[in-house]
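Q: This is the content of my_file27.json (JSON, C-alpha atoms):
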[["chain", "number", "residue", "atom", "x", "y", "z"],
["A", 1, "MET", "CA", 47.07, -26.00, -39.66],
["A", 2, "TYR", "CA", 48.38, -28.39, -36.99],
["A", 3, "VAL", "CA", 47.33, -31.95, -37.67],
["A", 4, "LEU", "CA", 47.74, -34.51, -34.91],
["A", 5, "THR", "CA", 48.27, -37.75, -36.81],
["A", 6, "VAL", "CA", 47.52, -41.01, -35.03],
["A", 7, "ALA", "CA", 48.63, -44.05, -37.04],
["A", 8, "TYR", "CA", 47.49, -47.42, -35.70],
["A", 9, "GLY", "CA", 49.33, -50.63, -36.46],
["A", 10, "ARG", "CA", 47.31, -53.68, -37.48],
["A", 11, "PRO", "CA", 45.34, -54.95, -34.45],
["A", 12, "GLU", "CA", 44.98, -58.62, -33.56],
["A", 13, "ASP", "CA", 41.22, -58.49, -34.01],
["A", 14, "ALA", "CA", 40.33, -55.95, -36.69],
["A", 15, "GLU", "CA", 36.60, -56.31, -36.18],
["A", 16, "ALA", "CA", 36.84, -55.64, -32.43],
["A", 17, "PHE", "CA", 39.16, -52.71, -33.12],
["A", 18, "ASP", "CA", 36.73, -51.17, -35.61],
["A", 19, "ARG", "CA", 33.81, -51.63, -33.25],
["A", 20, "HIS", "CA", 35.63, -50.03, -30.32],
["A", 21, "TYR", "CA", 36.95, -47.25, -32.51],
["A", 22, "ALA", "CA", 33.51, -46.34, -33.88],
["A", 23, "ARG", "CA", 31.57, -46.68, -30.64],
["A", 24, "VAL", "CA", 34.03, -45.48, -28.02],
["A", 25, "HIS", "CA", 37.25, -43.94, -29.25],
["A", 26, "ARG", "CA", 36.08, -41.76, -32.10],
["A", 27, "PRO", "CA", 33.38, -40.08, -29.96],
["A", 28, "LEU", "CA", 36.03, -39.44, -27.28],
["A", 29, "ALA", "CA", 38.44, -37.94, -29.83],
["A", 30, "GLU", "CA", 35.78, -35.77, -31.43],
["A", 31, "ARG", "CA", 34.98, -34.28, -28.03],
["A", 32, "VAL", "CA", 38.44, -32.74, -27.71],
["A", 33, "PRO", "CA", 38.30, -28.90, -27.51],
["A", 34, "GLY", "CA", 39.64, -26.81, -30.38],
["A", 35, "LEU", "CA", 39.20, -29.51, -33.01],
["A", 36, "VAL", "CA", 38.44, -28.01, -36.43],
["A", 37, "GLY", "CA", 38.72, -31.15, -38.57],
["A", 38, "PHE", "CA", 38.66, -34.90, -38.06],
["A", 39, "SER", "CA", 39.17, -37.91, -40.32],
["A", 40, "ALA", "CA", 39.78, -41.57, -39.59],
["A", 41, "ARG", "CA", 40.51, -43.78, -42.57],
["A", 42, "HIS", "CA", 41.55, -47.37, -43.09],
["A", 43, "CYS", "CA", 44.73, -47.91, -45.07],
["A", 44, "SER", "CA", 45.82, -50.02, -47.99],
["A", 45, "ALA", "CA", 49.09, -50.42, -49.83],
["A", 46, "LEU", "CA", 49.38, -49.52, -53.49],
["A", 47, "ASP", "CA", 50.49, -53.02, -54.49],
["A", 48, "GLY", "CA", 48.07, -55.03, -52.33],
["A", 49, "SER", "CA", 50.74, -55.82, -49.74],
["A", 50, "GLU", "CA", 50.38, -55.03, -46.04],
["A", 51, "PRO", "CA", 50.21, -51.25, -45.51],
["A", 52, "PRO", "CA", 52.38, -49.70, -42.77],
["A", 53, "TYR", "CA", 49.27, -48.78, -40.73],
["A", 54, "TYR", "CA", 45.81, -50.22, -40.28],
["A", 55, "LEU", "CA", 44.03, -46.91, -39.68],
["A", 56, "VAL", "CA", 45.13, -43.28, -39.64],
["A", 57, "ALA", "CA", 43.25, -40.58, -37.73],
["A", 58, "GLU", "CA", 43.96, -36.91, -38.34],
["A", 59, "LEU", "CA", 42.83, -34.29, -35.84],
["A", 60, "SER", "CA", 43.22, -30.73, -37.10],
["A", 61, "PHE", "CA", 43.75, -27.61, -34.99],
["A", 62, "LEU", "CA", 44.25, -24.01, -36.04],
["A", 63, "THR", "CA", 47.26, -23.34, -33.84],
["A", 64, "GLU", "CA", 49.98, -25.26, -32.03],
["A", 65, "ASP", "CA", 48.65, -23.91, -28.73],
["A", 66, "SER", "CA", 45.18, -25.28, -29.34],
["A", 67, "LEU", "CA", 46.65, -28.68, -30.16],
["A", 68, "THR", "CA", 48.71, -28.63, -26.96],
["A", 69, "GLU", "CA", 45.71, -27.55, -24.90],
["A", 70, "ALA", "CA", 43.57, -30.27, -26.48],
["A", 71, "LEU", "CA", 46.06, -32.96, -25.51],
["A", 72, "SER", "CA", 46.19, -31.86, -21.89],
["A", 73, "SER", "CA", 42.44, -31.27, -21.57],
["A", 74, "PRO", "CA", 40.28, -33.78, -19.66],
["A", 75, "GLU", "CA", 38.80, -34.88, -23.01],
["A", 76, "GLY", "CA", 42.26, -35.36, -24.51],
["A", 77, "GLN", "CA", 43.41, -37.31, -21.47],
["A", 78, "ALA", "CA", 40.33, -39.53, -21.67],
["A", 79, "ALA", "CA", 41.00, -40.29, -25.34],
["A", 80, "ALA", "CA", 44.68, -41.05, -24.61],
["A", 81, "ALA", "CA", 43.75, -43.30, -21.70],
["A", 82, "ASP", "CA", 41.38, -45.25, -23.95],
["A", 83, "LEU", "CA", 44.18, -46.27, -26.35],
["A", 84, "GLU", "CA", 45.20, -49.21, -24.19],
["A", 85, "ASN", "CA", 41.68, -50.62, -24.51],
["A", 86, "PHE", "CA", 41.95, -51.40, -28.23],
["A", 87, "ALA", "CA", 45.21, -50.27, -29.88],
["A", 88, "ASP", "CA", 47.15, -53.50, -29.48],
["A", 89, "GLY", "CA", 48.90, -53.10, -32.84],
["A", 90, "GLY", "CA", 50.80, -50.05, -31.62],
["A", 91, "VAL", "CA", 50.28, -46.31, -32.13],
["A", 92, "THR", "CA", 52.55, -43.87, -33.94],
["A", 93, "MET", "CA", 51.75, -40.21, -33.22],
["A", 94, "PHE", "CA", 53.20, -37.10, -34.79],
["A", 95, "VAL", "CA", 52.16, -33.62, -35.88],
["A", 96, "GLN", "CA", 51.96, -32.34, -39.44],
["A", 97, "TYR", "CA", 52.12, -28.55, -39.60],
["A", 98, "ASP", "CA", 52.29, -25.71, -42.10],
["B", 1, "MET", "CA", 37.87, -40.11, -50.36],
["B", 2, "TYR", "CA", 41.06, -41.87, -51.40],
["B", 3, "VAL", "CA", 44.13, -40.17, -50.01],
["B", 4, "LEU", "CA", 47.51, -41.11, -51.44],
["B", 5, "THR", "CA", 49.85, -40.53, -48.53],
["B", 6, "VAL", "CA", 53.53, -39.96, -49.27],
["B", 7, "ALA", "CA", 55.66, -39.91, -46.11],
["B", 8, "TYR", "CA", 59.26, -38.80, -46.57],
["B", 9, "GLY", "CA", 62.02, -39.85, -44.19],
["B", 10, "ARG", "CA", 64.47, -37.20, -43.01],
["B", 11, "PRO", "CA", 66.71, -36.18, -45.93],
["B", 12, "GLU", "CA", 70.46, -35.63, -45.61],
["B", 13, "ASP", "CA", 70.14, -31.98, -46.61],
["B", 14, "ALA", "CA", 66.79, -30.62, -45.45],
["B", 15, "GLU", "CA", 67.26, -27.25, -47.11],
["B", 16, "ALA", "CA", 68.00, -28.80, -50.51],
["B", 17, "PHE", "CA", 65.03, -31.15, -50.06],
["B", 18, "ASP", "CA", 62.67, -28.27, -49.26],
["B", 19, "ARG", "CA", 63.91, -26.25, -52.23],
["B", 20, "HIS", "CA", 63.49, -29.15, -54.65],
["B", 21, "TYR", "CA", 60.12, -30.04, -53.19],
["B", 22, "ALA", "CA", 58.75, -26.52, -53.52],
["B", 23, "ARG", "CA", 60.19, -25.71, -56.92],
["B", 24, "VAL", "CA", 60.04, -29.04, -58.74],
["B", 25, "HIS", "CA", 58.21, -31.86, -57.02],
["B", 26, "ARG", "CA", 55.13, -30.13, -55.68],
["B", 27, "PRO", "CA", 54.30, -28.56, -59.06],
["B", 28, "LEU", "CA", 54.70, -32.02, -60.67],
["B", 29, "ALA", "CA", 52.43, -33.62, -58.07],
["B", 30, "GLU", "CA", 49.78, -30.91, -58.35],
["B", 31, "ARG", "CA", 49.59, -31.48, -62.11],
["B", 32, "VAL", "CA", 48.32, -35.04, -61.64],
["B", 33, "PRO", "CA", 44.81, -35.50, -63.13],
["B", 34, "GLY", "CA", 41.84, -36.09, -60.84],
["B", 35, "LEU", "CA", 43.41, -34.45, -57.81],
["B", 36, "VAL", "CA", 40.78, -32.82, -55.57],
["B", 37, "GLY", "CA", 42.95, -31.95, -52.58],
["B", 38, "PHE", "CA", 46.63, -31.53, -51.80],
["B", 39, "SER", "CA", 48.63, -30.86, -48.67],
["B", 40, "ALA", "CA", 52.33, -31.14, -47.88],
["B", 41, "ARG", "CA", 53.34, -30.54, -44.28],
["B", 42, "HIS", "CA", 56.50, -30.84, -42.27],
["B", 43, "CYS", "CA", 56.34, -33.08, -39.23],
["B", 44, "SER", "CA", 57.27, -32.84, -35.57],
["B", 45, "ALA", "CA", 57.02, -35.24, -32.67],
["B", 46, "LEU", "CA", 54.87, -34.43, -29.66],
["B", 47, "ASP", "CA", 57.79, -34.65, -27.26],
["B", 48, "GLY", "CA", 60.42, -32.82, -29.32],
["B", 49, "SER", "CA", 62.12, -36.05, -30.38],
["B", 50, "GLU", "CA", 62.70, -37.05, -34.00],
["B", 51, "PRO", "CA", 59.35, -37.58, -35.77],
["B", 52, "PRO", "CA", 58.92, -40.74, -37.90],
["B", 53, "TYR", "CA", 58.76, -38.63, -41.08],
["B", 54, "TYR", "CA", 60.22, -35.35, -42.25],
["B", 55, "LEU", "CA", 57.33, -34.34, -44.50],
["B", 56, "VAL", "CA", 53.97, -35.90, -45.34],
["B", 57, "ALA", "CA", 52.11, -35.14, -48.58],
["B", 58, "GLU", "CA", 48.47, -36.11, -49.00],
["B", 59, "LEU", "CA", 46.91, -36.24, -52.46],
["B", 60, "SER", "CA", 43.13, -36.69, -52.39],
["B", 61, "PHE", "CA", 40.99, -38.32, -55.08],
["B", 62, "LEU", "CA", 37.26, -38.93, -55.17],
["B", 63, "THR", "CA", 37.46, -42.57, -56.23],
["B", 64, "GLU", "CA", 39.93, -45.44, -56.21],
["B", 65, "ASP", "CA", 39.84, -45.47, -60.01],
["B", 66, "SER", "CA", 40.84, -41.84, -60.28],
["B", 67, "LEU", "CA", 43.76, -42.46, -57.90],
["B", 68, "THR", "CA", 44.88, -45.46, -59.98],
["B", 69, "GLU", "CA", 44.57, -43.49, -63.20],
["B", 70, "ALA", "CA", 46.52, -40.59, -61.70],
["B", 71, "LEU", "CA", 49.41, -42.86, -60.77],
["B", 72, "SER", "CA", 49.67, -44.33, -64.25],
["B", 73, "SER", "CA", 49.19, -41.01, -66.06],
["B", 74, "PRO", "CA", 52.21, -39.29, -67.67],
["B", 75, "GLU", "CA", 52.01, -36.63, -64.91],
["B", 76, "GLY", "CA", 51.96, -39.31, -62.19],
["B", 77, "GLN", "CA", 54.88, -41.12, -63.79],
["B", 78, "ALA", "CA", 56.84, -37.87, -63.99],
["B", 79, "ALA", "CA", 56.25, -37.18, -60.30],
["B", 80, "ALA", "CA", 57.26, -40.74, -59.37],
["B", 81, "ALA", "CA", 60.40, -40.52, -61.50],
["B", 82, "ASP", "CA", 61.38, -37.30, -59.73],
["B", 83, "LEU", "CA", 61.51, -38.96, -56.30],
["B", 84, "GLU", "CA", 65.04, -40.23, -56.84],
["B", 85, "ASN", "CA", 66.20, -36.64, -57.36],
["B", 86, "PHE", "CA", 65.60, -35.56, -53.76],
["B", 87, "ALA", "CA", 63.98, -38.22, -51.52],
["B", 88, "ASP", "CA", 67.19, -39.71, -50.11],
["B", 89, "GLY", "CA", 65.62, -40.29, -46.68],
["B", 90, "GLY", "CA", 63.22, -42.89, -48.08],
["B", 91, "VAL", "CA", 59.56, -42.76, -49.06],
["B", 92, "THR", "CA", 56.65, -44.63, -47.47],
["B", 93, "MET", "CA", 53.48, -44.62, -49.59],
["B", 94, "PHE", "CA", 50.03, -45.88, -48.72],
["B", 95, "VAL", "CA", 46.38, -45.04, -49.30],
["B", 96, "GLN", "CA", 43.90, -43.85, -46.69],
["B", 97, "TYR", "CA", 40.32, -44.48, -47.75],
["B", 98, "ASP", "CA", 36.78, -44.20, -46.46]]
Output the file's structure as structure tokens, nothing else.
A:
Amino acid sequence: MYVLTVAYGRPEDAEAFDRHYARVHRPLAERVPGLVGFSARHCSALDGSEPPYYLVAELSFLTEDSLTEALSSPEGQAAAADLENFADGGVTMFVQYD
Amino acid sequence: MYVLTVAYGRPEDAEAFDRHYARVHRPLAERVPGLVGFSARHCSALDGSEPPYYLVAELSFLTEDSLTEALSSPEGQAAAADLENFADGGVTMFVQYD
């Protein structure tokens, strides 16, 4: 599995972030071709302190090629372009693979 | 789902890390009570640069209570105690929940 991991830093306005994520960004991300699994979860620290990320989304693909194709697809480009509309706490992206 | 996320920084000796992880740490982690899902995947960056983590493990639990109980169980304590034996690149832990 190839899991595109999108880790969002804490936004200035969490409520606005959540609203935009649910109504706009998540539907854009779920439209990406080749996607075989999707999760988006808020984060907490084990000790009640500030976690390193506010929300982590994981987009799963069966192969590295399908992940690469998804990113360069019109749907992938639209999702990437939308980041600047709400992700003001920063975005850390990487791939988990096995 | 409550997903304990354990993100390992790049170790000094990746081969030794992988060996210890596969032979010792993963079996310890998989013995933790209440676990309903487990993955451990190496990481890469999208652009070929250094990813933020070397390996990410995700341990899934059905409830927050079962995650808390797992951490304080003898098996959880044994897994935590083992970290110092191989995780010399640092460990970032947080919970993803929905």
Q: Extract, using all atoms listed in the file, all DNA, RNA and protein residues at most 9 Å from B:Gly90, discarding same-chain residues fewer than 3 positions from it, and format them as a PyMOL selection string.
A: chain B and resi 7-11+87
Q: For chain B against chain A, with a cut-off of 12 Å and counting all atoms listed in the file, what is the closest atom pair and its distance in Å to one decimal for every residue that makes the cut, ordered by chain and number, as CSV?
A:
residue,atom,partner,partner_atom,distance
B:Met1,CA,A:Arg41,CA,9.0
B:Tyr2,CA,A:Arg41,CA,9.1
B:Val3,CA,A:Arg41,CA,9.0
B:Leu4,CA,A:Leu46,CA,8.9
B:Thr5,CA,A:Cys43,CA,9.6
B:Val6,CA,A:Leu46,CA,11.2
B:Ala7,CA,A:Gln96,CA,10.7
B:Ser39,CA,A:Asp98,CA,9.1
B:Ala40,CA,A:Asp98,CA,7.9
B:Arg41,CA,A:Tyr97,CA,5.2
B:His42,CA,A:Gln96,CA,5.6
B:Cys43,CA,A:Gln96,CA,4.4
B:Ser44,CA,A:Val95,CA,5.2
B:Ala45,CA,A:Phe94,CA,4.7
B:Leu46,CA,A:Phe94,CA,6.0
B:Asp47,CA,A:Phe94,CA,9.2
B:Gly48,CA,A:Phe94,CA,10.0
B:Ser49,CA,A:Phe94,CA,10.0
B:Glu50,CA,A:Phe94,CA,9.5
B:Pro51,CA,A:Phe94,CA,6.2
B:Pro52,CA,A:Phe94,CA,7.5
B:Tyr53,CA,A:Phe94,CA,8.5
B:Tyr54,CA,A:Gln96,CA,9.2
B:Leu55,CA,A:Gln96,CA,7.6
B:Val56,CA,A:Gln96,CA,7.2
B:Ala57,CA,A:Gln96,CA,9.6
B:Glu58,CA,A:Gln96,CA,10.9
B:Glu64,CA,A:Leu46,CA,10.6
B:Leu67,CA,A:Leu46,CA,10.0
B:Thr68,CA,A:Leu46,CA,8.9
B:Leu71,CA,A:Leu46,CA,9.9
B:Ser72,CA,A:Leu46,CA,11.9
B:Val91,CA,A:Pro52,CA,11.8
B:Thr92,CA,A:Pro52,CA,8.1
B:Met93,CA,A:Ala45,CA,7.3
B:Phe94,CA,A:Ala45,CA,4.8
B:Val95,CA,A:Ser44,CA,5.2
B:Gln96,CA,A:Cys43,CA,4.4
B:Tyr97,CA,A:Arg41,CA,5.2
B:Asp98,CA,A:Arg41,CA,5.4
Q: What lies within 8 Å of B:Val36 using all atoms listed in the file, ignoring chain neighbours under 6 positions off, as a list in words?
A: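 Surrounding residues, per the criterion: Leu59, Ser60, Phe61 and Leu62 of chain B.
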Q: Just how far from atom CA of B:Glu84 is atom CA of B:Glu15, in Å to one decimal?
A: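 Pair atom CA of B:Glu15 / atom CA of B:Glu84 returns 16.4 Å.
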Q: Report, in Å to a single decimal, how far apart atom CA of B:Val24 and atom CA of B:Asn85 are.
A: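 These atoms are spaced 9.9 Å apart.
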Q: A:Arg19, A:Leu28, A:Leu35, A:Asp88: which is nearest A:Glu75, counting all atoms listed in the file?
A: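 With all atoms listed in the file as the atom set, the closest residue is A:Leu28.
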Q: Separation of atom CA of B:Asp13 and atom CA of B:Ala79, in Å?
A: 20.2 Å
Q: Return the single residue from B:His25, B:Phe86, B:Pro33, B:Ala14 that is closest to B:Ser73, with distances computed using only C-alpha atoms.
A: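 Ranking B:His25, B:Phe86, B:Pro33, B:Ala14 by distance to B:Ser73, first place goes to B:Pro33.
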